[in-house]
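K.L.:
This is run-v9.txt (compact mmCIF, N, CA and C atoms).
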```
# COMPACT_ATOMS: atom_id res chain seq x y z
N MET A 1 8.71 -50.27 38.31
CA MET A 1 7.88 -49.48 37.43
C MET A 1 7.70 -50.22 36.10
N LEU A 2 6.51 -50.12 35.53
CA LEU A 2 6.23 -50.76 34.25
C LEU A 2 6.82 -49.96 33.11
N GLN A 3 7.33 -50.68 32.12
CA GLN A 3 7.84 -50.01 30.93
C GLN A 3 6.68 -49.61 30.03
N GLN A 4 6.90 -48.52 29.29
CA GLN A 4 5.89 -48.08 28.33
C GLN A 4 5.94 -48.99 27.12
N PRO A 5 4.79 -49.25 26.50
CA PRO A 5 4.77 -50.10 25.30
C PRO A 5 5.53 -49.44 24.15
N SER A 6 6.11 -50.27 23.31
CA SER A 6 6.80 -49.77 22.12
C SER A 6 5.76 -49.34 21.08
N PRO A 7 6.16 -48.56 20.07
CA PRO A 7 5.21 -48.16 19.02
C PRO A 7 4.51 -49.35 18.36
N ASP A 8 5.23 -50.43 18.15
CA ASP A 8 4.61 -51.62 17.55
C ASP A 8 3.53 -52.19 18.46
N HIS A 9 3.81 -52.19 19.74
CA HIS A 9 2.84 -52.70 20.70
C HIS A 9 1.60 -51.80 20.77
N LEU A 10 1.80 -50.50 20.61
CA LEU A 10 0.66 -49.58 20.65
C LEU A 10 -0.32 -49.90 19.51
N GLU A 11 0.21 -50.23 18.36
CA GLU A 11 -0.66 -50.60 17.23
C GLU A 11 -1.43 -51.88 17.52
N VAL A 12 -0.76 -52.85 18.12
CA VAL A 12 -1.43 -54.10 18.48
C VAL A 12 -2.53 -53.84 19.51
N ILE A 13 -2.24 -53.00 20.48
CA ILE A 13 -3.23 -52.66 21.50
C ILE A 13 -4.44 -52.00 20.85
N ALA A 14 -4.19 -51.08 19.93
CA ALA A 14 -5.29 -50.38 19.25
C ALA A 14 -6.12 -51.35 18.41
N ARG A 15 -5.46 -52.25 17.70
CA ARG A 15 -6.20 -53.24 16.90
C ARG A 15 -7.04 -54.15 17.79
N ASN A 16 -6.49 -54.54 18.92
CA ASN A 16 -7.25 -55.36 19.87
C ASN A 16 -8.43 -54.59 20.44
N ALA A 17 -8.25 -53.30 20.67
CA ALA A 17 -9.36 -52.48 21.17
C ALA A 17 -10.49 -52.41 20.14
N ILE A 18 -10.14 -52.30 18.87
CA ILE A 18 -11.16 -52.29 17.80
C ILE A 18 -11.92 -53.62 17.81
N ALA A 19 -11.20 -54.72 17.91
CA ALA A 19 -11.84 -56.04 17.96
C ALA A 19 -12.74 -56.17 19.19
N ASP A 20 -12.31 -55.63 20.31
CA ASP A 20 -13.12 -55.69 21.54
C ASP A 20 -14.41 -54.88 21.38
N VAL A 21 -14.32 -53.73 20.74
CA VAL A 21 -15.53 -52.93 20.49
C VAL A 21 -16.49 -53.69 19.58
N ALA A 22 -15.96 -54.32 18.56
CA ALA A 22 -16.80 -55.12 17.66
C ALA A 22 -17.53 -56.21 18.44
N ASP A 23 -16.82 -56.88 19.33
CA ASP A 23 -17.45 -57.92 20.16
C ASP A 23 -18.54 -57.34 21.05
N ARG A 24 -18.25 -56.23 21.70
CA ARG A 24 -19.24 -55.60 22.60
C ARG A 24 -20.47 -55.14 21.84
N TRP A 25 -20.26 -54.61 20.63
CA TRP A 25 -21.37 -54.09 19.83
C TRP A 25 -22.08 -55.19 19.05
N GLY A 26 -21.51 -56.38 19.06
CA GLY A 26 -22.13 -57.50 18.34
C GLY A 26 -22.08 -57.36 16.84
N VAL A 27 -20.98 -56.79 16.33
CA VAL A 27 -20.81 -56.63 14.89
C VAL A 27 -19.52 -57.34 14.46
N GLU A 28 -19.44 -57.63 13.18
CA GLU A 28 -18.21 -58.20 12.63
C GLU A 28 -17.11 -57.14 12.67
N ARG A 29 -15.91 -57.55 12.90
CA ARG A 29 -14.78 -56.62 12.96
C ARG A 29 -14.66 -55.81 11.67
N GLN A 30 -15.01 -56.41 10.55
CA GLN A 30 -14.83 -55.77 9.25
C GLN A 30 -15.73 -54.55 9.05
N VAL A 31 -16.80 -54.41 9.83
CA VAL A 31 -17.67 -53.25 9.64
C VAL A 31 -17.11 -52.00 10.32
N LEU A 32 -16.16 -52.17 11.21
CA LEU A 32 -15.54 -51.03 11.89
C LEU A 32 -14.34 -50.55 11.08
N PRO A 33 -13.94 -49.30 11.27
CA PRO A 33 -12.83 -48.76 10.49
C PRO A 33 -11.50 -49.45 10.83
N ASP A 34 -10.60 -49.43 9.88
CA ASP A 34 -9.25 -49.93 10.12
C ASP A 34 -8.49 -48.94 10.99
N LEU A 35 -7.44 -49.40 11.58
CA LEU A 35 -6.64 -48.56 12.47
C LEU A 35 -6.19 -47.28 11.76
N GLY A 36 -5.71 -47.39 10.54
CA GLY A 36 -5.23 -46.22 9.80
C GLY A 36 -6.30 -45.19 9.52
N ASP A 37 -7.55 -45.64 9.44
CA ASP A 37 -8.66 -44.73 9.17
C ASP A 37 -9.07 -43.91 10.39
N LEU A 38 -8.63 -44.32 11.57
CA LEU A 38 -9.02 -43.62 12.79
C LEU A 38 -8.15 -42.41 13.09
N ASP A 39 -7.00 -42.31 12.45
CA ASP A 39 -6.10 -41.16 12.63
C ASP A 39 -5.77 -40.94 14.10
N LEU A 40 -5.34 -42.00 14.76
CA LEU A 40 -4.98 -41.91 16.18
C LEU A 40 -3.57 -41.35 16.34
N PRO A 41 -3.37 -40.53 17.35
CA PRO A 41 -2.03 -39.97 17.61
C PRO A 41 -1.19 -40.94 18.45
N LEU A 42 -0.93 -42.12 17.93
CA LEU A 42 -0.23 -43.15 18.71
C LEU A 42 1.13 -42.67 19.21
N ASP A 43 1.77 -41.79 18.46
CA ASP A 43 3.09 -41.30 18.87
C ASP A 43 3.00 -40.39 20.11
N ARG A 44 1.81 -39.93 20.43
CA ARG A 44 1.64 -39.06 21.61
C ARG A 44 0.96 -39.78 22.77
N LEU A 45 0.64 -41.05 22.59
CA LEU A 45 0.01 -41.82 23.65
C LEU A 45 1.06 -42.71 24.29
N GLY A 46 1.14 -42.64 25.60
CA GLY A 46 2.24 -43.33 26.27
C GLY A 46 1.89 -44.61 27.00
N SER A 47 0.62 -44.93 27.09
CA SER A 47 0.27 -46.13 27.84
C SER A 47 -0.80 -46.92 27.09
N ALA A 48 -0.90 -48.18 27.45
CA ALA A 48 -1.92 -49.03 26.85
C ALA A 48 -3.31 -48.49 27.15
N ARG A 49 -3.50 -48.00 28.34
CA ARG A 49 -4.81 -47.46 28.72
C ARG A 49 -5.18 -46.26 27.84
N GLN A 50 -4.23 -45.37 27.61
CA GLN A 50 -4.49 -44.22 26.76
C GLN A 50 -4.83 -44.64 25.33
N VAL A 51 -4.14 -45.64 24.84
CA VAL A 51 -4.39 -46.13 23.48
C VAL A 51 -5.79 -46.71 23.40
N ARG A 52 -6.17 -47.54 24.37
CA ARG A 52 -7.51 -48.15 24.37
C ARG A 52 -8.59 -47.07 24.44
N LEU A 53 -8.43 -46.10 25.32
CA LEU A 53 -9.43 -45.04 25.45
C LEU A 53 -9.53 -44.20 24.17
N ALA A 54 -8.39 -43.86 23.59
CA ALA A 54 -8.40 -43.06 22.36
C ALA A 54 -9.03 -43.85 21.21
N THR A 55 -8.73 -45.14 21.13
CA THR A 55 -9.28 -45.97 20.06
C THR A 55 -10.79 -46.11 20.21
N GLU A 56 -11.24 -46.41 21.42
CA GLU A 56 -12.68 -46.55 21.66
C GLU A 56 -13.41 -45.23 21.40
N GLY A 57 -12.80 -44.12 21.78
CA GLY A 57 -13.40 -42.82 21.52
C GLY A 57 -13.49 -42.52 20.03
N ALA A 58 -12.45 -42.85 19.29
CA ALA A 58 -12.45 -42.61 17.85
C ALA A 58 -13.51 -43.46 17.14
N ILE A 59 -13.67 -44.70 17.57
CA ILE A 59 -14.70 -45.56 16.97
C ILE A 59 -16.09 -45.03 17.29
N THR A 60 -16.28 -44.57 18.51
CA THR A 60 -17.58 -44.01 18.90
C THR A 60 -17.91 -42.78 18.07
N ARG A 61 -16.94 -41.90 17.86
CA ARG A 61 -17.16 -40.71 17.03
C ARG A 61 -17.47 -41.12 15.59
N TRP A 62 -16.75 -42.11 15.08
CA TRP A 62 -16.98 -42.62 13.73
C TRP A 62 -18.42 -43.13 13.60
N ALA A 63 -18.88 -43.88 14.59
CA ALA A 63 -20.25 -44.44 14.55
C ALA A 63 -21.29 -43.33 14.62
N ARG A 64 -21.04 -42.30 15.42
CA ARG A 64 -21.98 -41.18 15.51
C ARG A 64 -22.09 -40.45 14.19
N GLU A 65 -20.96 -40.29 13.51
CA GLU A 65 -20.98 -39.65 12.20
C GLU A 65 -21.80 -40.46 11.20
N LEU A 66 -21.70 -41.77 11.26
CA LEU A 66 -22.49 -42.63 10.37
C LEU A 66 -23.99 -42.42 10.61
N GLN A 67 -24.36 -42.28 11.87
CA GLN A 67 -25.78 -42.12 12.21
C GLN A 67 -26.32 -40.80 11.68
N ARG A 68 -25.49 -39.81 11.57
CA ARG A 68 -25.94 -38.48 11.10
C ARG A 68 -26.19 -38.46 9.60
N HIS A 69 -25.62 -39.41 8.88
CA HIS A 69 -25.76 -39.39 7.41
C HIS A 69 -26.87 -40.25 6.95
```
Please re-express this file's structure in structure tokens.
P.N.:
Amino acid sequence: MLQQPSPDHLEVIARNAIADVADRWGVERQVLPDLGDLDLPLDRLGSARQVRLATEGAITRWARELQRH
């Protein structure tokens, strides 16, 4: 069985997910929010997959809010 990532690893996974979204969207990483600005519940996420999905979802919601303003 695979071990669950440590809290430090969850932050690295989330930061990498933000960078991956920037690459997919064709924007500089700096235009997307920082990890702390996304208010992710990393302490309640138990797998790398959950962290990636939560991070990508939070960035998508952030971008939608920008479009509304």
K.L.:
Go through A:Ile18, A:Val12, A:Leu53, A:Gln4 one by one, measure the shortest atom-to-atom distance of each to A:Leu32 using all atoms listed in the file, and give the residue with the smallest value.
P.N.:
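Answer, going by the shortest atom-to-atom distance: A:Ile18.
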K.L.:
Contacts of A:Ala14 at 6.5 Å or less, counting all atoms listed in the file, minus same-chain residues fewer than 4 places along, as a PyMOL selection string?
P.N.:
chain A and resi 9-10+18-19+51-52+55
K.L.:
What separation in Å, quoted to one decimal, exists between atom CA of A:Asp37 and atom CA of A:Arg24?
P.N.:
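Rounded to one decimal, the two atoms are 20.3 Å apart.
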K.L.:
For the point (-6.0, -46.3, 10.5) in file coordinates, what residues are within 12 Å, counting only C-alpha atoms? Give the answer as a ChimeraX atom specification?
P.N.:
/A:11,14-15,18,32-42,55,58-59
K.L.:
Mind dumping the selected residues with N, CA and C atoms as a short mmCIF file (atom, residue, chain, number, x, y, z; two decimals), in the coordinates of the input?
P.N.:
```cif
data_model
loop_
_atom_site.label_atom_id
_atom_site.label_comp_id
_atom_site.auth_asym_id
_atom_site.auth_seq_id
_atom_site.Cartn_x
_atom_site.Cartn_y
_atom_site.Cartn_z
N GLU A 11 0.21 -50.23 18.36
CA GLU A 11 -0.66 -50.60 17.23
C GLU A 11 -1.43 -51.88 17.52
N ALA A 14 -4.19 -51.08 19.93
CA ALA A 14 -5.29 -50.38 19.25
C ALA A 14 -6.12 -51.35 18.41
N ARG A 15 -5.46 -52.25 17.70
CA ARG A 15 -6.20 -53.24 16.90
C ARG A 15 -7.04 -54.15 17.79
N ILE A 18 -10.14 -52.30 18.87
CA ILE A 18 -11.16 -52.29 17.80
C ILE A 18 -11.92 -53.62 17.81
N LEU A 32 -16.16 -52.17 11.21
CA LEU A 32 -15.54 -51.03 11.89
C LEU A 32 -14.34 -50.55 11.08
N PRO A 33 -13.94 -49.30 11.27
CA PRO A 33 -12.83 -48.76 10.49
C PRO A 33 -11.50 -49.45 10.83
N ASP A 34 -10.60 -49.43 9.88
CA ASP A 34 -9.25 -49.93 10.12
C ASP A 34 -8.49 -48.94 10.99
N LEU A 35 -7.44 -49.40 11.58
CA LEU A 35 -6.64 -48.56 12.47
C LEU A 35 -6.19 -47.28 11.76
N GLY A 36 -5.71 -47.39 10.54
CA GLY A 36 -5.23 -46.22 9.80
C GLY A 36 -6.30 -45.19 9.52
N ASP A 37 -7.55 -45.64 9.44
CA ASP A 37 -8.66 -44.73 9.17
C ASP A 37 -9.07 -43.91 10.39
N LEU A 38 -8.63 -44.32 11.57
CA LEU A 38 -9.02 -43.62 12.79
C LEU A 38 -8.15 -42.41 13.09
N ASP A 39 -7.00 -42.31 12.45
CA ASP A 39 -6.10 -41.16 12.63
C ASP A 39 -5.77 -40.94 14.10
N LEU A 40 -5.34 -42.00 14.76
CA LEU A 40 -4.98 -41.91 16.18
C LEU A 40 -3.57 -41.35 16.34
N PRO A 41 -3.37 -40.53 17.35
CA PRO A 41 -2.03 -39.97 17.61
C PRO A 41 -1.19 -40.94 18.45
N LEU A 42 -0.93 -42.12 17.93
CA LEU A 42 -0.23 -43.15 18.71
C LEU A 42 1.13 -42.67 19.21
N THR A 55 -8.73 -45.14 21.13
CA THR A 55 -9.28 -45.97 20.06
C THR A 55 -10.79 -46.11 20.21
N ALA A 58 -12.45 -42.85 19.29
CA ALA A 58 -12.45 -42.61 17.85
C ALA A 58 -13.51 -43.46 17.14
N ILE A 59 -13.67 -44.70 17.57
CA ILE A 59 -14.70 -45.56 16.97
C ILE A 59 -16.09 -45.03 17.29
#
```
K.L.:
Kindly give the distance, in Å, that separates atom C of A:Gln3 and atom CA of A:Ala54, rounded to a single decimal.
P.N.:
18.1 Å
K.L.:
Rounded to one decimal, what separation in Å do you get between atom N of A:Asp23 and atom C of A:Asp43?
P.N.:
25.8 Å
